[in-house]
Amino acid sequence: MRRILPAACCLLLWPSVARADVVDSSASGFTVKIVVQVAAPPANVYRALIDRVGAWWDSSHTFSGSAANLSIDAAPGGCFCERLPNGGGVRHMTVVYVDPGKLLRLSGGLGPMQDMAVAGAMTWKLTDASGKTTVEVTYKVGGYAPGGVDSIAKAVDGVLAAQIQRLKKFVETDAP
């Protein structure tokens with residue numbers, strides 16, 4: 001009985017934690033997939049994702065040191081951008097597909113991948129699940145990096161899973 005209770009508690013908590021996986025990996029690319037359940041309707045999750053990215057993204061994963069400098073223009077050709085001091089800026093990714101409240105697809109390489117010869121496609125899929133939202137993020141990256149692109153797959157998976165967990169917490173509690 002003592003062993004069953006902790007296991008049961010873990011199973012009860014499991015749906016609230018982001019499930020992250022490197023689902024495919026080779027020297028020329030990788031795919032990571034993160035799935036999390038958010039206790040809010042898809043429209044609320046989408047609004048937070050698009051309009052409030054600077055409130056939930058971790059500042060330690062920005063070039064400027066402040067997530068408040070991030071923005072997403074949710075239109076084809078729009079920018080997931082970051083303002084830098086002295087008028088500088090960074091285009092993290094380009095918006096390529098928008099279906100408000102349901103799907104957002106971006107193209108580009110986040111963080112250190114920007115300096116590599118890689119291309120990435122990140123899809124945010126939001127599905128209604130009885131008043132809650134299943135958020136599924138898939139990031140496919142391919143190209144060339146010394147030592148193989150697969151050498152960064154686990155790190156990318158971890159950073160992205162942490163951001164998605166922060167989005168979940170922000171939507172549910174208004175605090176990342």
# chains A, B, ... in the order shown; residues from 1 in each chain; ligands from 1
>>> residues_around(residues="region 83-90 of chain A", least_positions_apart="5", cutoff="9 Å", atoms="only C-alpha atoms", output="PyMOL selection string")
chain A and resi 63-64+68-71
>>> write_last_selection(atoms="N, CA and C atoms", output="mmCIF file, in the first residue's frame")
data_model
loop_
_atom_site.group_PDB
_atom_site.id
_atom_site.type_symbol
_atom_site.label_atom_id
_atom_site.label_comp_id
_atom_site.auth_asym_id
_atom_site.auth_seq_id
_atom_site.Cartn_x
_atom_site.Cartn_y
_atom_site.Cartn_z
ATOM 1 N N PHE A 63 18.176 37.270 -25.774
ATOM 2 C CA PHE A 63 19.451 37.937 -26.022
ATOM 3 C C PHE A 63 19.572 39.207 -25.190
ATOM 4 N N SER A 64 18.449 39.878 -24.931
ATOM 5 C CA SER A 64 18.465 41.146 -24.207
ATOM 6 C C SER A 64 18.484 40.966 -22.697
ATOM 7 N N ALA A 68 10.400 40.881 -21.575
ATOM 8 C CA ALA A 68 9.500 41.990 -21.904
ATOM 9 C C ALA A 68 9.803 42.556 -23.294
ATOM 10 N N ASN A 69 10.972 42.261 -23.837
ATOM 11 C CA ASN A 69 11.353 42.747 -25.165
ATOM 12 C C ASN A 69 10.871 41.836 -26.291
ATOM 13 N N LEU A 70 10.159 40.755 -25.960
ATOM 14 C CA LEU A 70 9.669 39.809 -26.970
ATOM 15 C C LEU A 70 8.283 40.199 -27.476
ATOM 16 N N SER A 71 8.023 39.865 -28.732
ATOM 17 C CA SER A 71 6.693 40.076 -29.301
ATOM 18 C C SER A 71 6.474 39.072 -30.431
#
>>> residues_around(residues="Phe170 (chain A)", least_positions_apart="5", cutoff="9 Å", atoms="only C-alpha atoms", output="list in words")
Ala48, Ala55, Trp56, Gln165, Ala175 and Pro176 of chain A
>>> write_last_selection(atoms="N, CA and C atoms", output="compact mmCIF listing (two decimals), in the first residue's frame")
# COMPACT_ATOMS: atom_id res chain seq x y z
N ALA A 48 -2.64 34.39 -24.70
CA ALA A 48 -1.43 34.48 -23.88
C ALA A 48 -0.20 34.17 -24.71
N ALA A 55 5.42 38.02 -20.97
CA ALA A 55 5.05 37.80 -19.57
C ALA A 55 5.38 36.39 -19.08
N TRP A 56 5.43 35.41 -20.00
CA TRP A 56 5.66 34.03 -19.56
C TRP A 56 6.98 33.44 -20.04
N GLN A 165 5.85 24.97 -20.09
CA GLN A 165 5.38 24.84 -18.70
C GLN A 165 5.12 26.22 -18.10
N ALA A 175 0.86 34.06 -13.40
CA ALA A 175 2.25 34.23 -12.98
C ALA A 175 3.08 33.11 -13.59
N PRO A 176 4.21 33.44 -14.23
CA PRO A 176 5.01 32.37 -14.84
C PRO A 176 5.74 31.62 -13.78
>>> residues_around(residues="region 24-37 of chain A", least_positions_apart="3", cutoff="9 Å", atoms="only C-alpha atoms", output="ChimeraX atom specification")
/A:15-21,40,118,129,132-145,147-154,156-157,160-161,164-165,168
>>> atom_distance(atom1="CA of Pro42 (chain A)", atom2="CA of Ile72 (chain A)")
17.4 Å
>>> select_by_dssp(residues="chain A", states="strand (DSSP E or B)", output="number ranges by chain")
A: 19-26, 29-38, 70-72, 79-83, 89-99, 103-107, 117-129, 132-144
>>> select_by_dssp(residues="region 62-170 of chain A", states="alpha helix (DSSP H)", output="ChimeraX atom specification")
/A:153-170
>>> closest_residue(among="A:Leu110, A:Ala39, A:Val98, A:Met93", to="Ser130 (chain A)", atoms="only C-alpha atoms")
A:Ala39
>>> closest_residue(among="A:Gln163, A:Gly131, A:Glu82, A:Ala75", to="Arg105 (chain A)", atoms="only C-alpha atoms")
A:Ala75
>>> atom_distance(atom1="CA of Lys102 (chain A)", atom2="CA of Lys125 (chain A)")
5.8 Å
>>> atom_distance(atom1="CA of Val23 (chain A)", atom2="CA of Val171 (chain A)")
26.7 Å
>>> closest_residue(among="A:Met116, A:Trp124, A:Gly111, A:Lys169", to="Val96 (chain A)", atoms="only C-alpha atoms")
A:Trp124
>>> residues_around(residues="Gly101 (chain A)", least_positions_apart="2", cutoff="7 Å", atoms="only C-alpha atoms", output="list in words")
Pro42, Ala43, Tyr46, Asp99, Leu103 and Leu126 of chain A
>>> decode(residues="region 149-171 of chain A", atoms="N, CA and C atoms", output="CSV table (one decimal), in the first residue's frame")
chain,number,residue,atom,x,y,z
A,149,VAL,N,23.6,17.9,-35.8
A,149,VAL,CA,22.5,18.6,-35.2
A,149,VAL,C,21.9,17.9,-34.0
A,150,ASP,N,21.9,16.6,-34.0
A,150,ASP,CA,21.4,15.8,-32.9
A,150,ASP,C,22.0,16.1,-31.6
A,151,SER,N,23.2,16.7,-31.6
A,151,SER,CA,23.9,16.9,-30.3
A,151,SER,C,23.3,18.0,-29.5
A,152,ILE,N,22.3,18.8,-30.1
A,152,ILE,CA,21.6,19.8,-29.3
A,152,ILE,C,20.2,19.5,-29.0
A,153,ALA,N,19.7,18.3,-29.5
A,153,ALA,CA,18.3,18.0,-29.4
A,153,ALA,C,17.8,18.0,-28.0
A,154,LYS,N,18.5,17.3,-27.1
A,154,LYS,CA,18.0,17.2,-25.7
A,154,LYS,C,18.0,18.6,-25.0
A,155,ALA,N,19.0,19.5,-25.3
A,155,ALA,CA,19.0,20.8,-24.7
A,155,ALA,C,17.8,21.6,-25.3
A,156,VAL,N,17.5,21.5,-26.6
A,156,VAL,CA,16.4,22.3,-27.2
A,156,VAL,C,15.1,21.8,-26.6
A,157,ASP,N,15.0,20.5,-26.4
A,157,ASP,CA,13.8,19.9,-25.8
A,157,ASP,C,13.6,20.4,-24.4
A,158,GLY,N,14.6,20.4,-23.6
A,158,GLY,CA,14.5,20.9,-22.3
A,158,GLY,C,14.1,22.4,-22.1
A,159,VAL,N,14.7,23.2,-23.0
A,159,VAL,CA,14.4,24.6,-22.9
A,159,VAL,C,13.0,24.9,-23.4
A,160,LEU,N,12.6,24.3,-24.5
A,160,LEU,CA,11.3,24.5,-25.0
A,160,LEU,C,10.2,23.9,-24.0
A,161,ALA,N,10.4,22.8,-23.4
A,161,ALA,CA,9.5,22.2,-22.4
A,161,ALA,C,9.3,23.2,-21.3
A,162,ALA,N,10.4,23.8,-20.8
A,162,ALA,CA,10.4,24.8,-19.7
A,162,ALA,C,9.5,26.0,-20.1
A,163,GLN,N,9.7,26.5,-21.3
A,163,GLN,CA,8.9,27.6,-21.8
A,163,GLN,C,7.4,27.3,-21.8
A,164,ILE,N,7.1,26.1,-22.3
A,164,ILE,CA,5.7,25.7,-22.4
A,164,ILE,C,5.1,25.5,-21.0
A,165,GLN,N,5.9,25.0,-20.1
A,165,GLN,CA,5.4,24.8,-18.7
A,165,GLN,C,5.1,26.2,-18.1
A,166,ARG,N,6.0,27.2,-18.4
A,166,ARG,CA,5.8,28.6,-18.0
A,166,ARG,C,4.5,29.2,-18.6
A,167,LEU,N,4.2,28.9,-19.8
A,167,LEU,CA,3.0,29.4,-20.5
A,167,LEU,C,1.8,28.8,-19.7
A,168,LYS,N,1.8,27.5,-19.5
A,168,LYS,CA,0.7,26.8,-18.8
A,168,LYS,C,0.5,27.5,-17.4
A,169,LYS,N,1.5,27.7,-16.6
A,169,LYS,CA,1.4,28.3,-15.3
A,169,LYS,C,0.9,29.7,-15.4
A,170,PHE,N,1.3,30.4,-16.4
A,170,PHE,CA,0.9,31.8,-16.6
A,170,PHE,C,-0.6,31.9,-16.9
A,171,VAL,N,-1.1,31.0,-17.8
A,171,VAL,CA,-2.5,31.0,-18.2
A,171,VAL,C,-3.3,30.6,-17.0
